[in-house]
Structures are given as structure tokens and as C-alpha cells.
Amino acid sequence: MAVKRWNGTTWDVYAGADTSPGFAATDGRSGRRTWVGANAPTAPVDGDIWIDQDTATNAIPASAFDAKGDLMVGTGPDTYTRQAVGTDGQVLVADSSQADGVLWSHSPSRQGLVSIVPTSVAVGSGSASVASNGAVTFSGASTLTLNTVFSSLYENYRITFSATSTVAGLLQYQYLIGASLAASNYVSQRLYVQNTSVGATLTTSTSLGSIGYWGLQKNYSIIEVQSPFLVDVSKTIATTNYADATYPTFMDNFNSVHTTSASYDSIRFTYGAGLMSGNVRIYGYGNGA
């Protein structure tokens with residue numbers, strides 16, 4: 001930083017210094033000086049100007065920043081430190097337990113349902129796309145995979161699945177670790193009411209979990225998934241409840257258990273028969289962490 005004074009013809013430049021007794025220079029006024037620096041002027045006279053500039057400790061040099069988005073935050077009286085930028089989608093929240101008093105978080109309150117954006121989506125056939133807010137739209141898909149949606153940030157998840165296709169068949173799922181598919185150890189049951197009849201079935205497939213059933217109508221389901229990422233949980237449970245607006249006397253409940261203890265990060269959906277069209281969203285239950 002330079003301090004400049006117009007002398008009537010050009011600019012006089014005064015560079016700051018932090019060594020005693022400070023920097024002094026004539027400034028064009030007869031017998032008067034402008035002082036720049038942290039230390040008090042030596043033998044000042046009436047009319048001198050002192051610019052108290054502590055360049056060593058109070059000026060923040062450019063080298064204090066390492067990356068785009070870095071911030072400087074206070075750590076106490078007259079002290080500060082660099083707060084490194086967070087990851088995409090995080091916000092800065094106050095947290096007195098941190099050394100610098102703030103914390104990057106994926107949710108401002110770290111509570112409630114938080115929308116999760118898959119890193120990518122894939123289909124076995126057909127098409128699918130993911131919006132910046134996490135909404136996934138798919139059409140004519142034989143399988144639909146939501147990649148990297150489970151993590152240590154959340155323990156439990158909610159999936160909303162809306163089917164616009166009208167092909168009958170079970171909605172089934174499998175967990176993945178990266179590209180590795182968990183293709184065994186699923187057990188599912190279905191409780192249903194159809195018109196005046198009620199029933200219960202137990203799936204015979206152990207390679208897929210069942211979480212819904214579509215007849216020749218459109219459906220909307222809410223799927224609760226417990227502990228897919230936590231390796232210390234021996235059973236991962238998915239529960240679905242839905243009622244059909246077209247056929248209001250059709251109501252189903254699915255419970256599916258995956259009995260392998262592993263840290264899954266992705267999920268794949270498929271129909272037992274036919275192709276899928278519709279949209280899906282996934283949310284994490286914020287638990288304050």
C-alpha cells in the first residue's frame with residue numbers, strides 16, 4: 001500500500017515501514033512532514049501528519065489465500081486465520097466448537113430433509129437426466145442408477161418415486177459400491193389392499209429387493225431407506241407406502257431388508273417387467289452432523 005500526496009505538480013509517494021522511529025519525508029510544505037509507519041513520529045512539530053500504518057501485522061498479504069473462495073475469519077481479539085473454501089453446495093455456519101468459530105456444512109441448519117444431487121445417473125436403456133436441484137427424470141429405462149447419493153453425511157434417506165409409465169410390474173432395487181453391484185441377500189414382503197381383498201406376499205427373489213408395484217396405472221411412492229452407508233449396521237431396510245389415485249382402493253406396503261453389512265453409495269431401480277418412465281428425488285435426513 002502506498003500513501004500519496006499531491007504537491008502541486010506530481011504525486012509524492014510515501015512507503016510504509018514498521019521500524020523505529022518510523023518513516024518520515026518532507027511533503028512539500030515548508031518545515032512540515034508526513035509520517036507513515038507503525039511507530040510514533042520522532043520529535044514531530046505542529047502541522048506534521050502521521051499515517052499510523054502497521055504494514056507488518058495488520059495488512060493481509062495475497063499469499064494468505066490459497067484457493068478461490070478462501071476467507072479470513074477472526075479467531076479471537078486481534079487475531080485471524082484462513083478459512084479454506086468448502087465443497088460445492090456447502091454453506092458456512094457458526095459453530096463455537098471450532099477453533100475459528102465457523103464450519104462448512106451441507107445444510108444451514110443441518111436438520112430436516114436435505115436434497116441430494118446424484119453425481120451422475122445411468123440407464124440400461126432409454127434416457128435419464130439430473131437437474132441441479134437433484135430432480136431426476138427418466139424415460140423408457142430398463143434400469144435407472146443414481147450414483148453417489150449415500151454418504152457419511154446422512155444416516156437415513158427418503159426417496160420419492162413418481163411413475164408416469166403404465167406397465168405392470170414390481171419396482172425393484174439393488175445397492176452399489178461404485179460400479180460393484182450387491183446382487184444377493186435381499187428379502188421383501190408385500191401387504192396390500194385391492195378393492196375388497198387383502199393379501200400378503202413374500203418375494204422369492206434374493207437378487208433384488210422389492211419396493212413397489214405398478215399395475216396399468218400411474219403411481220407415486222415414498223421410500224424410506226435406513227443405514228445404507230453405515231458398515232456397522234448389519235441390516236439395511238427399505239420401506240414403501242403408496243396409494244393409487246386412479247384406483248383409490250389399491251394400497252400397498254413393502255418392506256425390504258438387505259442383510260449384508262457394507263458401505264453402499266449408490267442405488268439402482270428396475271421394473272420386474274417393462275420399462276420405467278417418471279421422476280425420482282432423494283433426500284438425506286439431517287441429524288445435526
# chains A, B, ... in the order shown; residues from 1 in each chain; ligands from 1

$ residues_around --residues "Arg281 of chain A" --least-positions-apart "2" --cutoff "8 Å" --atoms "only C-alpha atoms" --output "PyMOL selection string"
chain A and resi 115-116+134-136+159-161+279+283

$ residues_around --residues "Ser221 of chain A" --least-positions-apart "6" --cutoff "8 Å" --atoms "only C-alpha atoms" --output "ChimeraX atom specification"
/A:160-162,212,240-243

$ closest_residue --among "A:Gly274, A:Gly69, A:Pro228, A:Gly286" --to "His258 of chain A" --atoms "only C-alpha atoms"
A:Pro228

$ select_by_dssp --residues "segment 120-177 of chain A" --states "strand (DSSP E)" --output "ChimeraX atom specification"
/A:120-123,127-130,136-141,143-147,156-163,169-177

$ residues_around --residues "Tyr186 of chain A" --least-positions-apart "5" --cutoff "6 Å" --atoms "only C-alpha atoms" --output "list in words"
Thr206, Leu208, Gly209, Val257 and His258 of chain A

$ atom_distance --atom1 "atom CA of Gly169 of chain A" --atom2 "atom CA of Tyr271 of chain A"
5.8 Å

$ residues_around --residues "Val123 of chain A" --least-positions-apart "3" --cutoff "10 Å" --atoms "only C-alpha atoms" --output "ChimeraX atom specification"
/A:126-129,138-146,268-270

$ atom_distance --atom1 "atom CA of Gln226 of chain A" --atom2 "atom CA of Ile267 of chain A"
12.9 Å

$ decode --residues "segment 118-172 of chain A" --atoms "C-alpha atoms" --output "compact mmCIF listing (two decimals), in the first residue's frame"
# COMPACT_ATOMS: atom_id res chain seq x y z
CA PRO A 118 -26.53 -37.59 -7.71
CA THR A 119 -23.06 -37.25 -9.17
CA SER A 120 -24.49 -38.90 -12.29
CA VAL A 121 -27.38 -41.07 -13.47
CA ALA A 122 -27.29 -44.07 -15.80
CA VAL A 123 -29.85 -46.21 -17.61
CA GLY A 124 -29.63 -49.68 -19.10
CA SER A 125 -31.74 -48.39 -21.99
CA GLY A 126 -33.82 -45.29 -22.55
CA SER A 127 -32.74 -41.91 -21.17
CA ALA A 128 -32.31 -40.03 -17.90
CA SER A 129 -31.09 -36.65 -16.73
CA VAL A 130 -30.41 -34.96 -13.40
CA ALA A 131 -31.14 -31.29 -12.67
CA SER A 132 -29.02 -29.01 -10.49
CA ASN A 133 -31.61 -29.29 -7.69
CA GLY A 134 -31.38 -33.11 -7.67
CA ALA A 135 -34.54 -33.93 -9.65
CA VAL A 136 -34.01 -36.98 -11.90
CA THR A 137 -36.22 -37.51 -14.94
CA PHE A 138 -36.18 -40.78 -16.88
CA SER A 139 -37.99 -42.32 -19.83
CA GLY A 140 -38.19 -45.83 -21.25
CA ALA A 141 -35.49 -47.03 -18.86
CA SER A 142 -34.83 -50.72 -18.27
CA THR A 143 -32.71 -49.78 -15.23
CA LEU A 144 -32.03 -46.46 -13.52
CA THR A 145 -28.93 -45.90 -11.37
CA LEU A 146 -28.43 -42.93 -9.04
CA ASN A 147 -24.69 -42.68 -8.44
CA THR A 148 -23.08 -41.47 -5.19
CA VAL A 149 -26.20 -40.50 -3.25
CA PHE A 150 -25.41 -42.24 0.07
CA SER A 151 -22.57 -40.97 2.27
CA SER A 152 -21.48 -40.43 5.86
CA LEU A 153 -23.31 -37.07 5.89
CA TYR A 154 -26.66 -38.77 6.50
CA GLU A 155 -27.74 -42.00 8.16
CA ASN A 156 -31.23 -42.33 6.66
CA TYR A 157 -32.82 -41.29 3.37
CA ARG A 158 -36.18 -40.61 1.72
CA ILE A 159 -36.78 -41.35 -1.96
CA THR A 160 -39.84 -40.04 -3.80
CA PHE A 161 -40.56 -42.09 -6.93
CA SER A 162 -43.23 -41.00 -9.39
CA ALA A 163 -44.10 -43.36 -12.25
CA THR A 164 -45.72 -41.94 -15.38
CA SER A 165 -45.48 -45.23 -17.28
CA THR A 166 -48.36 -47.72 -17.16
CA VAL A 167 -46.59 -51.07 -17.46
CA ALA A 168 -47.41 -53.58 -14.75
CA GLY A 169 -44.59 -54.95 -12.64
CA LEU A 170 -42.66 -54.82 -9.40
CA LEU A 171 -40.41 -51.84 -8.73
CA GLN A 172 -37.17 -53.41 -7.52
